Structure formats: C-alpha cells, structure tokens
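Chemist: Pasting work-v1.cif below, which is mmCIF, C-alpha atoms.
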```
data_target
loop_
_atom_site.label_atom_id
_atom_site.label_comp_id
_atom_site.auth_asym_id
_atom_site.auth_seq_id
_atom_site.Cartn_x
_atom_site.Cartn_y
_atom_site.Cartn_z
CA MET A 1 32.75 -44.62 -45.67
CA LYS A 2 35.58 -42.13 -45.81
CA LYS A 3 35.97 -39.14 -43.50
CA ILE A 4 36.16 -35.48 -44.44
CA LYS A 5 39.42 -33.87 -43.32
CA GLY A 6 39.50 -30.59 -41.45
CA PRO A 7 39.45 -27.94 -40.39
CA ALA A 8 41.42 -26.06 -43.05
CA ILE A 9 41.51 -22.37 -43.96
CA PHE A 10 41.91 -20.48 -47.25
CA LEU A 11 44.53 -17.81 -46.62
CA ALA A 12 43.67 -15.41 -49.48
CA GLN A 13 41.42 -13.12 -47.43
CA PHE A 14 43.90 -12.89 -44.54
CA ILE A 15 47.23 -12.08 -46.21
CA SER A 16 48.26 -8.46 -45.62
CA ASP A 17 51.27 -6.25 -44.92
CA GLU A 18 50.79 -6.61 -41.17
CA ALA A 19 52.14 -9.37 -38.92
CA PRO A 20 51.37 -12.23 -38.61
CA PHE A 21 49.74 -12.13 -42.04
CA ASN A 22 52.77 -10.95 -44.04
CA ASP A 23 55.02 -13.99 -43.74
CA PHE A 24 54.46 -17.67 -44.55
CA LYS A 25 55.87 -18.99 -41.28
CA SER A 26 53.95 -16.57 -39.06
CA ILE A 27 50.64 -16.98 -40.89
CA CYS A 28 51.01 -20.76 -40.55
CA GLN A 29 51.57 -20.37 -36.81
CA TRP A 30 48.52 -18.10 -36.58
CA ALA A 31 46.30 -20.60 -38.42
CA ALA A 32 47.53 -23.50 -36.30
CA SER A 33 46.92 -21.54 -33.08
CA LEU A 34 43.23 -21.34 -34.00
CA GLY A 35 42.97 -25.11 -34.45
CA TYR A 36 43.36 -25.45 -38.20
CA LYS A 37 45.13 -28.51 -39.54
CA ALA A 38 45.66 -27.41 -43.15
CA ILE A 39 45.94 -24.29 -45.29
CA GLN A 40 44.68 -23.65 -48.80
CA LEU A 41 47.43 -21.55 -50.31
CA PRO A 42 46.92 -18.73 -52.85
CA THR A 43 49.65 -18.42 -55.47
CA SER A 44 49.38 -14.76 -56.45
CA ASN A 45 51.62 -13.31 -53.71
CA PRO A 46 55.31 -14.34 -54.07
CA ALA A 47 56.08 -12.91 -50.62
CA ILE A 48 53.99 -15.70 -49.12
CA PHE A 49 54.40 -18.42 -51.76
CA ASP A 50 56.54 -18.12 -54.89
CA LEU A 51 54.74 -20.12 -57.56
CA GLU A 52 57.49 -19.89 -60.16
CA LYS A 53 60.09 -21.09 -57.69
CA ALA A 54 57.80 -23.90 -56.54
CA ALA A 55 57.39 -25.12 -60.12
CA GLN A 56 61.16 -25.12 -60.64
CA SER A 57 62.52 -26.32 -57.31
CA GLN A 58 61.69 -29.44 -55.35
CA ASP A 59 63.89 -28.08 -52.55
CA TYR A 60 61.70 -24.97 -52.27
CA CYS A 61 58.55 -27.13 -52.12
CA ASP A 62 60.13 -29.28 -49.44
CA GLU A 63 60.97 -26.14 -47.44
CA VAL A 64 57.37 -24.86 -47.72
CA THR A 65 56.08 -28.25 -46.58
CA ARG A 66 58.57 -28.29 -43.69
CA ILE A 67 57.57 -24.82 -42.43
CA ALA A 68 53.89 -25.76 -42.54
CA ALA A 69 54.57 -29.06 -40.78
CA GLN A 70 56.53 -27.32 -38.01
CA ALA A 71 53.33 -25.41 -37.24
CA GLY A 72 51.32 -28.65 -37.32
CA LEU A 73 49.82 -27.97 -40.73
CA THR A 74 49.62 -29.54 -44.14
CA ILE A 75 48.70 -27.88 -47.44
CA SER A 76 45.26 -28.85 -48.73
CA GLU A 77 45.45 -27.26 -52.20
CA LEU A 78 47.07 -24.47 -54.12
CA SER A 79 44.72 -21.81 -55.50
CA THR A 80 44.94 -19.96 -58.82
CA HIS A 81 41.58 -18.20 -58.66
CA LEU A 82 42.99 -14.90 -59.95
CA GLN A 83 45.06 -16.48 -62.71
CA GLY A 84 42.24 -18.83 -63.73
CA GLN A 85 39.98 -15.82 -64.15
CA LEU A 86 42.44 -14.44 -66.70
CA VAL A 87 42.41 -17.53 -68.91
CA ALA A 88 39.23 -16.09 -70.45
CA VAL A 89 38.19 -12.44 -70.10
CA HIS A 90 35.57 -10.70 -72.22
CA PRO A 91 36.81 -7.30 -73.45
CA ALA A 92 34.07 -5.55 -71.45
CA TYR A 93 35.94 -6.63 -68.29
CA ASP A 94 39.50 -6.02 -69.47
CA GLU A 95 40.23 -2.97 -67.33
CA MET A 96 38.57 -4.36 -64.20
CA PHE A 97 40.49 -7.65 -64.39
CA ASP A 98 43.81 -6.10 -65.45
CA ASN A 99 44.60 -5.66 -61.76
CA PHE A 100 44.89 -9.46 -61.45
CA ALA A 101 47.91 -9.48 -63.78
CA PRO A 102 51.45 -8.12 -63.41
CA GLU A 103 51.66 -4.41 -64.20
CA GLN A 104 53.71 -4.91 -67.36
CA LEU A 105 50.90 -7.00 -68.91
CA ARG A 106 48.06 -4.61 -68.26
CA GLY A 107 46.41 -3.33 -71.41
CA ASN A 108 47.65 -6.38 -73.34
CA PRO A 109 44.89 -9.03 -73.16
CA ALA A 110 46.64 -11.58 -75.39
CA SER A 111 49.85 -11.53 -73.34
CA ARG A 112 47.82 -11.57 -70.13
CA THR A 113 46.01 -14.74 -71.25
CA GLN A 114 49.26 -16.50 -72.12
CA TRP A 115 50.70 -15.49 -68.74
CA ALA A 116 47.64 -16.94 -66.99
CA ILE A 117 47.93 -20.23 -68.87
CA LYS A 118 51.59 -20.47 -67.93
CA GLN A 119 50.69 -19.76 -64.29
CA LEU A 120 48.18 -22.63 -64.28
CA LYS A 121 50.74 -25.03 -65.67
CA MET A 122 53.26 -23.94 -63.06
CA ALA A 123 50.62 -24.59 -60.41
CA ALA A 124 50.16 -28.12 -61.75
CA LYS A 125 53.89 -28.81 -61.48
CA ALA A 126 54.13 -27.20 -58.04
CA SER A 127 51.14 -29.22 -56.83
CA LYS A 128 52.83 -32.45 -57.88
CA GLN A 129 56.07 -31.45 -56.14
CA LEU A 130 54.11 -30.63 -52.98
CA GLY A 131 52.40 -34.04 -53.10
CA LEU A 132 48.95 -32.56 -53.78
CA THR A 133 46.27 -34.21 -55.91
CA THR A 134 43.69 -31.40 -56.14
CA HIS A 135 43.87 -27.77 -57.25
CA VAL A 136 41.28 -24.98 -57.00
CA THR A 137 40.65 -22.19 -59.51
CA PHE A 138 38.18 -20.16 -61.56
CA SER A 139 37.23 -20.84 -65.19
CA GLY A 140 37.17 -17.28 -66.49
CA ALA A 141 34.30 -16.06 -68.65
CA LEU A 142 33.53 -15.16 -72.25
CA LEU A 143 29.72 -15.37 -71.92
CA TRP A 144 28.98 -13.84 -68.53
CA HIS A 145 27.82 -10.54 -69.99
CA THR A 146 24.98 -12.50 -71.65
CA PHE A 147 23.86 -14.41 -68.53
CA TYR A 148 20.41 -12.79 -68.73
CA PRO A 149 18.89 -13.47 -72.17
CA TRP A 150 18.14 -9.89 -73.15
CA PRO A 151 18.84 -8.98 -75.83
CA GLN A 152 18.09 -12.44 -77.13
CA ARG A 153 21.24 -14.46 -77.61
CA PRO A 154 22.02 -15.39 -81.24
CA GLN A 155 21.73 -19.08 -82.07
CA GLY A 156 25.02 -20.89 -81.45
CA LEU A 157 26.51 -18.18 -79.23
CA VAL A 158 26.58 -20.29 -76.06
CA GLU A 159 28.00 -23.29 -77.87
CA ALA A 160 30.72 -21.13 -79.44
CA GLY A 161 31.58 -19.66 -76.05
CA PHE A 162 32.03 -23.03 -74.37
CA THR A 163 33.95 -24.37 -77.35
CA GLU A 164 36.45 -21.53 -77.04
CA LEU A 165 36.64 -21.85 -73.25
CA ALA A 166 37.37 -25.57 -73.59
CA LYS A 167 39.96 -24.87 -76.29
CA ARG A 168 41.87 -22.63 -73.88
CA TRP A 169 41.60 -25.03 -70.96
CA LEU A 170 42.27 -28.39 -72.64
CA PRO A 171 46.08 -27.98 -72.84
CA ILE A 172 46.04 -26.93 -69.17
CA LEU A 173 43.86 -29.88 -68.19
CA ASP A 174 46.07 -32.29 -70.11
CA TYR A 175 49.11 -30.98 -68.25
CA PHE A 176 47.32 -31.34 -64.90
CA ASP A 177 46.50 -34.89 -65.95
CA GLU A 178 50.18 -35.50 -66.68
CA MET A 179 50.97 -34.21 -63.18
CA GLY A 180 48.24 -36.39 -61.58
CA VAL A 181 46.25 -33.42 -60.22
CA ASP A 182 42.51 -32.68 -60.44
CA VAL A 183 41.33 -29.18 -61.41
CA CYS A 184 38.45 -28.11 -59.18
CA TYR A 185 36.51 -25.14 -60.54
CA GLU A 186 34.73 -22.94 -58.03
CA LEU A 187 31.27 -22.48 -59.55
CA HIS A 188 30.86 -18.77 -59.05
CA PRO A 189 28.82 -15.90 -60.54
CA GLY A 190 31.04 -13.96 -62.92
CA GLU A 191 32.51 -17.21 -64.28
CA ASP A 192 31.11 -19.12 -67.23
CA LEU A 193 31.09 -22.10 -64.85
CA HIS A 194 28.66 -20.88 -62.19
CA ASP A 195 26.08 -23.67 -61.72
CA GLY A 196 25.40 -27.30 -62.59
CA ILE A 197 24.22 -26.69 -66.15
CA THR A 198 27.24 -24.57 -67.08
CA PHE A 199 29.53 -27.16 -65.51
CA GLU A 200 27.87 -29.83 -67.66
CA ARG A 201 28.32 -27.68 -70.79
CA PHE A 202 32.02 -27.28 -70.07
CA LEU A 203 32.44 -30.96 -69.24
CA ALA A 204 30.88 -31.90 -72.58
CA ALA A 205 33.03 -29.35 -74.43
CA THR A 206 36.17 -30.93 -72.91
CA ASN A 207 35.02 -34.43 -73.90
CA ASN A 208 34.34 -35.32 -70.25
CA HIS A 209 37.94 -34.67 -69.31
CA PRO A 210 38.71 -36.66 -66.14
CA ARG A 211 40.48 -33.69 -64.52
CA VAL A 212 37.43 -31.40 -64.77
CA ASN A 213 36.01 -31.34 -61.24
CA ILE A 214 34.19 -29.08 -58.77
CA LEU A 215 35.12 -26.94 -55.81
CA TYR A 216 31.81 -27.10 -53.93
CA ASP A 217 30.87 -23.81 -52.26
CA PRO A 218 27.20 -23.67 -51.18
CA SER A 219 27.27 -19.93 -50.52
CA HIS A 220 27.26 -19.13 -54.24
CA PHE A 221 24.23 -21.36 -54.71
CA VAL A 222 22.27 -19.62 -51.95
CA LEU A 223 22.81 -16.31 -53.74
CA GLN A 224 21.52 -17.90 -56.97
CA GLN A 225 18.64 -19.66 -55.16
CA LEU A 226 19.90 -23.06 -56.34
CA ASP A 227 19.25 -26.21 -54.27
CA TYR A 228 22.72 -26.79 -52.83
CA LEU A 229 21.81 -30.14 -51.25
CA SER A 230 20.35 -31.66 -54.42
CA PHE A 231 23.48 -30.42 -56.19
CA ILE A 232 25.54 -32.84 -54.07
CA ASP A 233 23.26 -35.73 -55.04
CA ILE A 234 23.71 -34.92 -58.73
CA TYR A 235 27.41 -34.03 -58.91
CA HIS A 236 29.05 -35.74 -55.92
CA HIS A 237 31.28 -37.86 -58.15
CA ARG A 238 32.89 -34.64 -59.47
CA ILE A 239 33.15 -32.79 -56.14
CA LYS A 240 36.83 -32.97 -55.16
CA ALA A 241 37.20 -29.79 -53.04
CA PHE A 242 34.99 -27.98 -50.50
CA HIS A 243 34.77 -24.37 -49.33
CA VAL A 244 32.85 -24.03 -46.08
CA LYS A 245 31.33 -20.58 -46.45
CA ASP A 246 28.00 -19.37 -45.08
CA ALA A 247 25.48 -17.08 -46.77
CA GLU A 248 21.93 -15.85 -46.50
CA PHE A 249 19.20 -14.63 -48.82
CA ASN A 250 16.81 -12.14 -47.21
CA GLN A 251 13.89 -11.75 -49.57
CA ASN A 252 12.42 -8.26 -49.79
CA GLY A 253 10.28 -6.09 -52.05
CA ARG A 254 13.03 -3.82 -53.38
CA SER A 255 15.71 -6.10 -54.90
CA GLY A 256 16.41 -9.78 -55.51
CA VAL A 257 19.20 -12.03 -56.73
CA TYR A 258 20.71 -9.26 -58.88
CA GLY A 259 21.18 -6.99 -55.85
CA GLY A 260 20.29 -3.60 -57.32
CA TYR A 261 23.98 -2.54 -57.53
CA GLN A 262 23.98 -2.28 -53.73
CA ASN A 263 26.96 -2.93 -51.47
CA TRP A 264 27.27 -6.30 -49.79
CA GLN A 265 25.62 -5.28 -46.51
CA ASP A 266 22.46 -4.12 -48.29
CA ARG A 267 22.04 -6.90 -50.85
CA PRO A 268 19.35 -9.56 -50.24
CA GLY A 269 21.99 -12.24 -50.87
CA ARG A 270 25.17 -11.81 -48.86
CA PHE A 271 28.03 -13.88 -47.46
CA ARG A 272 28.28 -14.44 -43.71
CA SER A 273 30.68 -15.98 -41.22
CA LEU A 274 30.11 -19.63 -40.38
CA GLY A 275 26.99 -20.11 -38.27
CA ASP A 276 25.65 -16.61 -38.94
CA GLY A 277 23.94 -17.45 -42.25
CA GLN A 278 21.21 -19.81 -43.43
CA ILE A 279 23.13 -22.76 -44.87
CA ASP A 280 22.31 -26.23 -43.54
CA PHE A 281 25.85 -27.46 -42.96
CA LYS A 282 24.72 -30.51 -40.97
CA SER A 283 23.03 -31.85 -44.09
CA ILE A 284 25.97 -30.88 -46.30
CA PHE A 285 28.52 -32.69 -44.14
CA SER A 286 26.18 -35.69 -43.91
CA LYS A 287 25.72 -35.91 -47.67
CA LEU A 288 29.40 -35.46 -48.47
CA THR A 289 30.30 -38.12 -45.90
CA GLN A 290 27.62 -40.44 -47.29
CA TYR A 291 29.10 -40.10 -50.78
CA GLY A 292 32.65 -40.73 -49.60
CA PHE A 293 34.17 -37.26 -49.94
CA ASP A 294 37.50 -37.37 -48.11
CA GLY A 295 38.96 -33.99 -49.09
CA TRP A 296 39.48 -31.00 -46.85
CA ALA A 297 36.71 -28.83 -45.39
CA VAL A 298 38.23 -25.39 -46.00
CA LEU A 299 36.95 -22.22 -44.38
CA GLU A 300 36.63 -19.34 -46.82
CA TRP A 301 35.87 -16.20 -44.84
CA GLU A 302 33.88 -13.54 -46.72
CA CYS A 303 31.55 -11.77 -44.31
CA CYS A 304 30.19 -8.25 -44.75
CA ILE A 305 29.62 -7.79 -41.00
CA LYS A 306 32.01 -9.75 -38.77
CA HIS A 307 35.76 -9.12 -38.36
CA PRO A 308 37.85 -11.68 -40.30
CA GLU A 309 39.91 -12.79 -37.31
CA ASP A 310 36.74 -13.50 -35.34
CA GLY A 311 35.32 -15.39 -38.30
CA ALA A 312 38.50 -17.44 -38.57
CA ARG A 313 38.57 -18.26 -34.84
CA GLU A 314 34.91 -19.31 -34.76
CA GLY A 315 35.21 -21.14 -38.09
CA ALA A 316 37.78 -23.66 -36.88
CA LYS A 317 35.49 -24.92 -34.13
CA PHE A 318 32.45 -24.78 -36.40
CA ILE A 319 34.07 -27.07 -38.96
CA GLN A 320 35.50 -29.38 -36.29
CA ASP A 321 32.06 -29.77 -34.74
CA HIS A 322 30.54 -30.71 -38.12
CA LEU A 323 33.07 -33.39 -39.05
CA ILE A 324 31.50 -36.84 -38.98
CA ARG A 325 33.32 -40.01 -37.98
CA PRO A 326 31.77 -42.59 -40.33
CA THR A 327 30.27 -45.66 -38.75
CA ALA A 328 32.07 -48.96 -39.23
CA LYS A 329 28.92 -51.05 -38.86
CA ALA A 330 25.20 -50.97 -39.51
CA PHE A 331 23.06 -49.89 -36.55
CA ASP A 332 21.03 -53.12 -36.70
CA ASP A 333 24.00 -55.51 -36.89
CA PHE A 334 23.09 -56.82 -33.44
CA SER A 335 20.10 -58.61 -34.97
CA ALA A 336 21.79 -59.86 -38.13
CA MET A 337 21.59 -63.50 -39.22
CA ASP A 338 24.24 -65.55 -40.95
CA THR A 339 23.83 -66.23 -44.65
CA ASN A 340 21.81 -69.39 -45.24
CA ASP A 341 20.62 -70.05 -48.78
CA ASP A 342 18.05 -72.65 -47.78
CA ARG A 343 16.52 -70.34 -45.15
CA ASN A 344 16.42 -67.44 -47.60
CA LYS A 345 14.53 -69.61 -50.08
CA ARG A 346 12.04 -70.65 -47.40
CA ILE A 347 11.45 -67.01 -46.42
CA LEU A 348 10.86 -66.15 -50.09
CA GLY A 349 8.62 -69.15 -50.63
CA ILE A 350 11.02 -70.61 -53.20
CA LYS A 351 11.32 -74.38 -53.42
#
```
Step by step, read the file and then write its structure as structure tokens.

Modeler:
Amino acid sequence: MKKIKGPAIFLAQFISDEAPFNDFKSICQWAASLGYKAIQLPTSNPAIFDLEKAAQSQDYCDEVTRIAAQAGLTISELSTHLQGQLVAVHPAYDEMFDNFAPEQLRGNPASRTQWAIKQLKMAAKASKQLGLTTHVTFSGALLWHTFYPWPQRPQGLVEAGFTELAKRWLPILDYFDEMGVDVCYELHPGEDLHDGITFERFLAATNNHPRVNILYDPSHFVLQQLDYLSFIDIYHHRIKAFHVKDAEFNQNGRSGVYGGYQNWQDRPGRFRSLGDGQIDFKSIFSKLTQYGFDGWAVLEWECCIKHPEDGAREGAKFIQDHLIRPTAKAFDDFSAMDTNDDRNKRILGIK
C-alpha cells in the first residue's frame, strides 16, 4: 500500500496584507514553522504567486520551487477555485461572482468566462513547469438555482446544463491532459458538481475524460448529510486530492441543511477546525490508505469559531497524527505455509 503525504496547508484563507501572510517567502516560513511539509497554492493573488508569469517562465517556476524548498516545503497543488467558478455562472449570480474577476471584466459575463478559461489553461502549463500532476478547482454552475425541484424542472433541463458545462470544460481538460495534470473538482454546494451523482453526470457528459477527478472534502458532505465514508468506497479511483476539513451538523427543530439564511455560527451545519467537529478522520485516513491514495492531506481552515492561526497550528499535528504507515506484511505471516499444490489438493479433497 501507498502512504498519504502530509501535512500540507491550503494558503487561501491565510493570505492578507499583514506579515507574514503578505509575501511568498514569509508565508512559506510560517507554514514550515508549524510543521507543514507542503503548501497548496492559490493562483488569484499575483503578489503571492503570479500565474501568468508561471505559465510563461520556467525560471519563475524554478524560483518559486526554490523559495519553498528553502523553507522545507514542496507545493502540493495549484488552486483555481475562483477562476473555475467563473467558467460557468448563471446570470442570477453575475453580480455576486463578478468580484472574482479583474475589475475591467466586471459586468461582461462573456469576457469573464473567456478570461477564466484562459486562467485554467495557464494553471495547467504552470503546474507542468512546477512538476505537479494534480490541480484543484471548482466546476462553476449553470443549474444550481434549480437544485431543489420546485418549480418542477422542465424535461431535459439537467441534461442540457451538463452538456453545456462539459462543452466549456472539455477544451480545458484536453489541455490539462496534454500537460499531464489531473483536474480535481472540489464537490461543493453552489457548484453543479456537488455530490457523487452530479460528478457522475459530468463524467458521462465529458465521455469519461481521464482528467476528470475529485478533490475529496468530507466537510461538504456532512453539511449535505451524505455518507462521506461510503463515498470513498464508490469513488476512490477518482479521488486524486484531499482537503482535511472538519464540520458538524447539529440537528434542531428550527432549521436544517438549508440553514434558514443564518450566519455560519447559527447554522445547523457549520465548518470547524480539525478535531472540533464530528468527522471520523481515523476511518477516512484508513480508507484512503487502504485504496492506495498517495496524494497530500491538505488542511483547509474554515472555522466559524476558532482563530485561523490556532486552527493552522493544531491542524498540522492533527494531520500528522492521522497519517498511517502502511504495513509491509500480513499480520498472520508468522503462521504462513509454503505453496504446495499436492497439499492444497489434499486439503480441498481433490484427487
């Protein structure tokens, strides 16, 4: 069996205008000081990582790798969550998602989509030049406003939505394939790919494209009340990336999975720092190890109660303590017998 790598940390929630979170070198040193061995790197902040430069310059990629290595880190994946969201946006969400795009593109959905597609392709090239084989992103959504079937969805609507989504993504996926990089979609409410069934629909619409894979994040399944352990049994061959993020669902008589438009602290389903929620990470790490997952275990901090720096500090040890060194032998090898065909036939009663 292969071993999960870790701990790693997704930097998106930590980048700010304050030191040490405002500079690539200093944020690497901060992450390494907590015990992390890799960083998952967002690509939407050129002050930290310049995606366009990375796609154009091998020297720049080598410099990024060198700075990370000097801190004792490697890069696990690049992230284009914000840009991936903009590959497909329903008009109802145009204004709310415009903030994800450069200011000059706001109010121009068609140009914004083309920009997002170009960003994804740059991320594929940059990933190759950084020596990475996996990439994490969002799918975007054309159907999310219909996730609850009222009013009743017209016949063929869902199929048309996934056909269009696949049409937008197939040129991107083909380019990632050319670069030798897997695209790992975070299955997330608000995206058309948010659970196993929607992932299967997209996979079928892309003709089972080999680069269509999963960023496994159990926290989003807790909030949907989906069996996150059975999910691994079903989809483990497509799980190529892993966010270690805790969550809880506190059932009550006033609101449920939809949350009643409440803030995160008051919702029944909410994200927590590692160890403070309800997720059975021992079983998750066991299953992923059993199925041979050898990617990075990446902390994603999103807690509505605990300070992010405390969550990051505690998270490194939490992940380290859950990593499993796979056994090299069966526990009952001490009583094993050599192969003997004649003896086997006697035991089976075969002459």

Chemist: Tell me which of A:Ala247, A:Ala160, A:Ile4, A:Val257 sits closest to Trp301 in chain A, counting only C-alpha atoms.

Modeler: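 Nearest to Trp301 in chain A: A:Ala247.
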
Chemist: So which residues touch range 111-128 of chain A within 6 Å, counting all atoms listed in the file, skipping near sequence neighbours fewer than 4 positions away, as a list in words?

Modeler: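 Those residues are Ala54, Ala55, Gln83, Leu86, Val87, Leu105, Leu132, Phe176 and Met179 of chain A.
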
Chemist: For the file shown, report as a count of residues only the outcome of the PyMOL selection byres ((chain A and resi 75) around 7) at residue level.

Modeler: 7

Chemist: Distance table requested - range 240-286 of chain A against range 320-344 of chain A, cut-off 10 Å, all atoms listed in the file: one row per qualifying residue with the closest atom pair and its distance in Å to one decimal, ordered by chain and rising residue number, as a tab-separated table.

Modeler:
```
residue	atom	partner	partner_atom	distance
A:Phe281	CA	A:His322	CA	7.5
A:Lys282	CA	A:His322	CA	6.5
A:Ser283	CA	A:His322	CA	9.7
A:Ile284	CA	A:His322	CA	9.4
A:Phe285	CA	A:His322	CA	6.7
A:Ser286	CA	A:Ile324	CA	7.3
```

Chemist: Applied to this file, what does the PyMOL selection byres ((chain A and resi 203) around 12) return in terms of residues, put as number ranges by chain?

Modeler: A: 139, 162-163, 165-167, 169-170, 173, 183, 185, 193, 196-202, 204-214, 235, 238

Chemist: Select all residues near (33.5, -37.5, -54.9) (cut-off 9 Å, inclusive, file coordinates), counting only C-alpha atoms, and output them as number ranges by chain.

Modeler: A: 235-241, 288, 291-295

Chemist: State, in Å with one decimal place, the distance from CA of Pro171 in chain A to CA of Phe147 in chain A.

Modeler: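 Interatomic distance, CA of Pro171 in chain A to CA of Phe147 in chain A: 26.4 Å.
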
Chemist: For Val298 in chain A, please output as a VMD selection string all residues within 10 Å (counting all atoms listed in the file; exclusion window: fewer than 5 positions along the same chain).

Modeler: chain A and resid 5 to 11 36 to 40 76 to 77 217 241 to 245 315 to 316 319

Chemist: How many Å lie between CA of Ile279 in chain A and CA of Ser219 in chain A, rounded to one decimal?

Modeler: 7.6 Å

Chemist: Quote the spacing between CA of Gln29 in chain A and CA of Ala71 in chain A in Å to one decimal place.

Modeler: 5.4 Å

Chemist: Using all atoms listed in the file, determine which residues lie at most 9 Å from range 58-60 of chain A, disregarding the query and same-chain residues fewer than 4 positions distant; provide the list as a PyMOL selection string.

Modeler: chain A and resi 50+53-54+64-65+126+129-130

Chemist: Residues within 10 Å of range 259-274 of chain A, please, as a PyMOL selection string. Count all atoms listed in the file; anything in the same chain fewer than 4 positions from it doesn't count.

Modeler: chain A and resi 219-220+222-225+244-255+278-279+281+299-308+310-312+314-319

Chemist: Fewer than 2 positions away in the same chain doesn't count, so skip those; otherwise give me all residues within 10 Å of His81 in chain A, counting all atoms listed in the file, as a list in words.

Modeler: Ala12, Pro42, Thr43, Ser44, Leu78, Ser79, Gln83, Gly84, Gln85, Leu86, Phe100, Leu120, His135, Val136, Thr137, Phe138, Ser139, Gly140, Tyr185 and Glu186 of chain A

Chemist: Where atoms are absent from range 128-136 of chain A, fill them in so it carries all heavy atoms, then output it as a short mmCIF file (atom, residue, chain, number, x, y, z; two decimals), keeping the file's coordinate frame.

Modeler:
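Saved the output as result.cif:
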```
data_model
loop_
_atom_site.label_atom_id
_atom_site.label_comp_id
_atom_site.auth_asym_id
_atom_site.auth_seq_id
_atom_site.Cartn_x
_atom_site.Cartn_y
_atom_site.Cartn_z
N LYS A 128 52.21 -31.12 -57.88
CA LYS A 128 52.83 -32.45 -57.88
C LYS A 128 54.02 -32.49 -56.93
O LYS A 128 54.18 -33.45 -56.16
CB LYS A 128 53.26 -32.82 -59.29
CG LYS A 128 53.92 -34.19 -59.36
CD LYS A 128 54.39 -34.51 -60.77
CE LYS A 128 55.07 -35.89 -60.80
NZ LYS A 128 55.57 -36.23 -62.15
N GLN A 129 54.86 -31.45 -56.98
CA GLN A 129 56.07 -31.45 -56.14
C GLN A 129 55.74 -31.28 -54.66
O GLN A 129 56.55 -31.67 -53.81
CB GLN A 129 57.03 -30.36 -56.63
CG GLN A 129 57.51 -30.65 -58.04
CD GLN A 129 58.68 -29.80 -58.50
OE1 GLN A 129 59.46 -30.25 -59.34
NE2 GLN A 129 58.82 -28.60 -57.97
N LEU A 130 54.56 -30.74 -54.37
CA LEU A 130 54.11 -30.63 -52.98
C LEU A 130 53.34 -31.87 -52.53
O LEU A 130 52.91 -31.95 -51.37
CB LEU A 130 53.23 -29.40 -52.81
CG LEU A 130 53.95 -28.04 -52.88
CD1 LEU A 130 52.95 -26.92 -53.11
CD2 LEU A 130 54.75 -27.79 -51.61
N GLY A 131 53.13 -32.82 -53.43
CA GLY A 131 52.40 -34.04 -53.10
C GLY A 131 50.90 -33.86 -53.06
O GLY A 131 50.20 -34.65 -52.42
N LEU A 132 50.39 -32.85 -53.78
CA LEU A 132 48.95 -32.56 -53.78
C LEU A 132 48.28 -33.23 -54.98
O LEU A 132 48.89 -33.39 -56.04
CB LEU A 132 48.71 -31.05 -53.83
CG LEU A 132 49.41 -30.23 -52.76
CD1 LEU A 132 49.14 -28.74 -52.97
CD2 LEU A 132 48.97 -30.66 -51.37
N THR A 133 47.01 -33.57 -54.83
CA THR A 133 46.27 -34.21 -55.91
C THR A 133 45.05 -33.41 -56.37
O THR A 133 44.35 -33.82 -57.29
CB THR A 133 45.79 -35.61 -55.49
OG1 THR A 133 44.99 -35.50 -54.30
CG2 THR A 133 46.97 -36.53 -55.21
N THR A 134 44.79 -32.26 -55.72
CA THR A 134 43.69 -31.40 -56.14
C THR A 134 44.18 -29.95 -56.20
O THR A 134 45.10 -29.56 -55.47
CB THR A 134 42.49 -31.48 -55.17
OG1 THR A 134 42.94 -31.26 -53.83
CG2 THR A 134 41.80 -32.82 -55.27
N HIS A 135 43.53 -29.18 -57.07
CA HIS A 135 43.87 -27.77 -57.25
C HIS A 135 42.58 -26.99 -57.45
O HIS A 135 41.64 -27.48 -58.08
CB HIS A 135 44.78 -27.60 -58.47
CG HIS A 135 45.15 -26.19 -58.73
ND1 HIS A 135 46.09 -25.52 -57.97
CD2 HIS A 135 44.70 -25.28 -59.63
CE1 HIS A 135 46.20 -24.28 -58.40
NE2 HIS A 135 45.36 -24.10 -59.41
N VAL A 136 42.51 -25.76 -56.92
CA VAL A 136 41.28 -24.98 -57.00
C VAL A 136 41.52 -23.70 -57.80
O VAL A 136 42.57 -23.06 -57.70
CB VAL A 136 40.72 -24.64 -55.60
CG1 VAL A 136 40.31 -25.93 -54.89
CG2 VAL A 136 41.73 -23.88 -54.75
#
```
